[in-house]
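> I'd like to ask you about the structure that follows.
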Amino acid sequence: MNQTQWSAFLEADGKVHIVELTSGVRKIKGLGVLDAIETFSNIKMGEEVLVGQKVLTRVPFRLPELSKGMLRRAQTISAKDAGFMTSRLGIGPGDRILEAGIGSGGLSMYIARVLGNSGTHVTVEPRNEHAEVGLENLRRVKEGWSEFPAHHHIEGAIEDVVEEIEKVSDEFEGIILDLPEHTSAIEAVAPLLGIGGRIACYCPVTSQLEAAWIACEQAGFEIEWAGELIERQWGKASKGGVRPVNGPFGHTAFLLVAYRRN
């Protein structure tokens with residue numbers, strides 16, 4: 001994989017631009033019309049370059065930069081929740097992960113990062129307009145990182161494509177569902193979760209959390225954890241010291257993790 005094909009450029013205010021380093025004049029969103037190779041190829045990591053009125057610093061093409069500069073359409077699962085789910089499921093190299101509801105691919109990038117070359121990642125998404133954005137973000141990851149799992153994308157509602165999923169793998173170590181309705185999805189994929197595997201559900205409202213809880217128990221899974229993660233940012237105070245910044249607590253969704261014992 002070509003690790004130089006993509007690079008990240010950081011503005012002073014923290015905004016990130018992800019640029020494909022290919023030749024030819026073209027429009028790059030947020031930066032204008034330019035030749036990326038001519039403009040950026042000689043800029044070393046940590047060096048600055050002036051593009052129009054923007055001073056950009058070239059920085060490594062890592063997950064935080066990708067998350068900030070990714071293409072977006074559907075709402076994206078935040079680092080707070082993505083990190084929790086990937087660690088709580090205990091997934092890593094060599095694992096097989098099924099993800100339904102790819103959206104813009106925010107969580108998918110975290111999954112790809114932890115699986116590495118030896119993992120298998122199956123994504124399912126019924127909405128083409130969302131899948132196009134998510135798959136483009138995954139293309140950037142695949143071309144920009146030295147390791148990337150075997151990735152298979154299946155179009156359709158997960159309840160309708162189980163046979164296609166089984167052609168890739170009939171068992172998974174982890175399943176993650178980010179869907180409007182979880183009950184039928186859990187019923188459909190429960191046989192695919194291996195013993196010792198875990199399923200995570202991302203639920204925007206409490207009624208979805210309750211429905212997912214009931215469906216997991218009916219499928220024979222043990223509920224390991226359910227709740228929400230609250231994020232509170234701190235900053236420097238004007239008169240010295242640090243304190244919580246003004247604003248609401250960072251609630252995003254309700255999460256559930258269930259375990260298959262036998």
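A note on labels: chains of the structure tokens are A, B, ... as shown, every chain counts residues from 1, and ligands are counted from 1 in their shown order.
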With DSSP run on the backbone, what are the alpha helix (DSSP H) residues within segment 4-141 of chain A? I'd like them as a VMD selection string.

chain A and resid 36 to 40 63 to 69 79 to 88 106 to 115 128 to 141

> Next, write the just-selected residues to a file, as a PDB file, in the first residue's frame, keeping C-alpha atoms as the atom set.


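Writing the result to result-v2.pdb gives the following:
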```
ATOM      1  CA  ALA A  36      -1.626  18.626  -5.076  1.00  0.00           C
ATOM      2  CA  ILE A  37       1.717  17.106  -6.111  1.00  0.00           C
ATOM      3  CA  GLU A  38       3.164  20.454  -7.095  1.00  0.00           C
ATOM      4  CA  THR A  39       1.857  22.184  -3.968  1.00  0.00           C
ATOM      5  CA  PHE A  40       2.480  19.581  -1.263  1.00  0.00           C
ATOM      6  CA  LEU A  63      -6.756   8.093  12.891  1.00  0.00           C
ATOM      7  CA  PRO A  64      -7.506  11.367  14.782  1.00  0.00           C
ATOM      8  CA  GLU A  65      -6.678  13.434  11.690  1.00  0.00           C
ATOM      9  CA  LEU A  66      -8.732  11.150   9.485  1.00  0.00           C
ATOM     10  CA  SER A  67     -11.710  11.411  11.825  1.00  0.00           C
ATOM     11  CA  LYS A  68     -11.569  15.205  11.777  1.00  0.00           C
ATOM     12  CA  GLY A  69     -11.083  15.465   8.017  1.00  0.00           C
ATOM     13  CA  ALA A  79     -14.183   8.671  19.085  1.00  0.00           C
ATOM     14  CA  LYS A  80     -15.621   8.406  22.583  1.00  0.00           C
ATOM     15  CA  ASP A  81     -18.115   5.727  21.583  1.00  0.00           C
ATOM     16  CA  ALA A  82     -15.981   4.063  18.887  1.00  0.00           C
ATOM     17  CA  GLY A  83     -13.095   3.584  21.287  1.00  0.00           C
ATOM     18  CA  PHE A  84     -15.402   2.145  23.928  1.00  0.00           C
ATOM     19  CA  MET A  85     -17.004  -0.347  21.572  1.00  0.00           C
ATOM     20  CA  THR A  86     -13.797  -1.613  19.985  1.00  0.00           C
ATOM     21  CA  SER A  87     -12.147  -2.067  23.390  1.00  0.00           C
ATOM     22  CA  ARG A  88     -15.206  -3.470  25.178  1.00  0.00           C
ATOM     23  CA  GLY A 106     -16.488   6.812  11.263  1.00  0.00           C
ATOM     24  CA  LEU A 107     -16.636   3.625  13.329  1.00  0.00           C
ATOM     25  CA  SER A 108     -15.458   1.565  10.359  1.00  0.00           C
ATOM     26  CA  MET A 109     -12.109   3.349  10.410  1.00  0.00           C
ATOM     27  CA  TYR A 110     -11.593   2.471  14.073  1.00  0.00           C
ATOM     28  CA  ILE A 111     -12.440  -1.154  13.352  1.00  0.00           C
ATOM     29  CA  ALA A 112     -10.015  -1.247  10.420  1.00  0.00           C
ATOM     30  CA  ARG A 113      -7.276   0.209  12.591  1.00  0.00           C
ATOM     31  CA  VAL A 114      -7.528  -2.458  15.299  1.00  0.00           C
ATOM     32  CA  LEU A 115      -7.999  -5.426  12.935  1.00  0.00           C
ATOM     33  CA  ASN A 128     -26.442   3.898  -1.138  1.00  0.00           C
ATOM     34  CA  GLU A 129     -25.995   7.604  -0.491  1.00  0.00           C
ATOM     35  CA  HIS A 130     -24.496   6.837   2.926  1.00  0.00           C
ATOM     36  CA  ALA A 131     -22.475   3.855   1.760  1.00  0.00           C
ATOM     37  CA  GLU A 132     -20.769   5.877  -0.969  1.00  0.00           C
ATOM     38  CA  VAL A 133     -19.373   8.299   1.597  1.00  0.00           C
ATOM     39  CA  GLY A 134     -18.404   5.607   4.073  1.00  0.00           C
ATOM     40  CA  LEU A 135     -16.677   3.490   1.440  1.00  0.00           C
ATOM     41  CA  GLU A 136     -14.752   6.501   0.156  1.00  0.00           C
ATOM     42  CA  ASN A 137     -13.463   7.148   3.668  1.00  0.00           C
ATOM     43  CA  LEU A 138     -12.405   3.499   3.897  1.00  0.00           C
ATOM     44  CA  ARG A 139     -10.649   3.786   0.537  1.00  0.00           C
ATOM     45  CA  ARG A 140      -8.550   6.606   1.965  1.00  0.00           C
ATOM     46  CA  VAL A 141      -7.667   4.441   4.946  1.00  0.00           C
TER      47      VAL A 141
END
```

> Using only C-alpha atoms, which residues sit within 6 Å of Cys201 of chain A once same-chain residues fewer than 5 positions away are excluded, as a list in words?

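Near Cys201 of chain A, the qualifying residues are Ile176, Leu177, Leu255 and Leu256 of chain A.
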
> Find the residue from A:Met45, A:Val19, A:Val162, A:Ile91 that sits nearest to Ala190 of chain A; use only C-alpha atoms when measuring.

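Comparing A:Met45, A:Val19, A:Val162, A:Ile91 against Ala190 of chain A, the winner is A:Val162.
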
> Can you pull out the residues contacting Arg96 of chain A? Cut-off 9 Å, using only C-alpha atoms, and skip same-chain residues under 5 positions away; I want them as a list in words.

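Selected residues are Ile91, Leu115, Gly119, Thr120, His121, Val122, Ser169, Glu171, Phe172, Glu173, Gly174 and Ile175 of chain A.
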
> Using only C-alpha atoms for the distances, tell me which of A:Arg26, A:Ile77, A:Cys216, A:Ser238 is nearest to Ala185 of chain A.

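So, comparing all the options, the nearest one is A:Cys216.
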
> Residues at most 9 Å from Asn262 of chain A, counting only C-alpha atoms, excluding those fewer than 6 positions away in the same chain, as a tab-separated table (two decimals) with C-alpha atoms, in the first residue's frame?


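Result file around32.tsv:
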```tsv
chain	number	residue	atom	x	y	z
A	194	GLY	CA	-19.39	-17.15	17.96
A	195	ILE	CA	-19.07	-18.44	21.52
A	196	GLY	CA	-17.19	-15.83	23.54
A	220	GLY	CA	-29.58	-16.17	24.74
A	221	PHE	CA	-26.97	-13.43	25.26
```

> Between A:Gly197, A:Gly240, A:Gly116, A:Gly247, which residue has the minimum interatomic distance to Glu224 of chain A, considering only C-alpha atoms?

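Comparing A:Gly197, A:Gly240, A:Gly116, A:Gly247 against Glu224 of chain A, the winner is A:Gly197.
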
> Please report, as a ChimeraX atom specification, each residue of segment 28-232 of chain A to which DSSP assigns strand (DSSP E) when run on this structure's backbone.

/A:28,32-35,48-51,54-59,96-100,120-125,150-155,172-177,193-203,222-228

> Hey, what's within 6 Å of segment 202-212 of chain A if we count only C-alpha atoms and toss same-chain stuff fewer than 4 positions away? As a list in words, please?

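The neighbour list is Asp178, His182, Thr183, Ala253, Phe254 and Leu255 of chain A.
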
> List as a list in words the protein and nucleic acid residues near Ser7 of chain A, meaning an atom at most 7 Å away when only C-alpha atoms are counted, but skip any in the same chain fewer than 5 places from it.

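Final neighbour list, sorted by chain and number: Ile18, Val19, Glu20, Pro60 and Phe61 of chain A.
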
> What does the structure give for the distance between atom CA of Leu71 of chain A and atom CA of Ala8 of chain A, in Å to one decimal?

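Atom CA of Leu71 of chain A sits 13.3 Å away from atom CA of Ala8 of chain A.
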
> What is the atom CA of Arg73 of chain A to atom CA of Val161 of chain A distance in Å?

23.6 Å
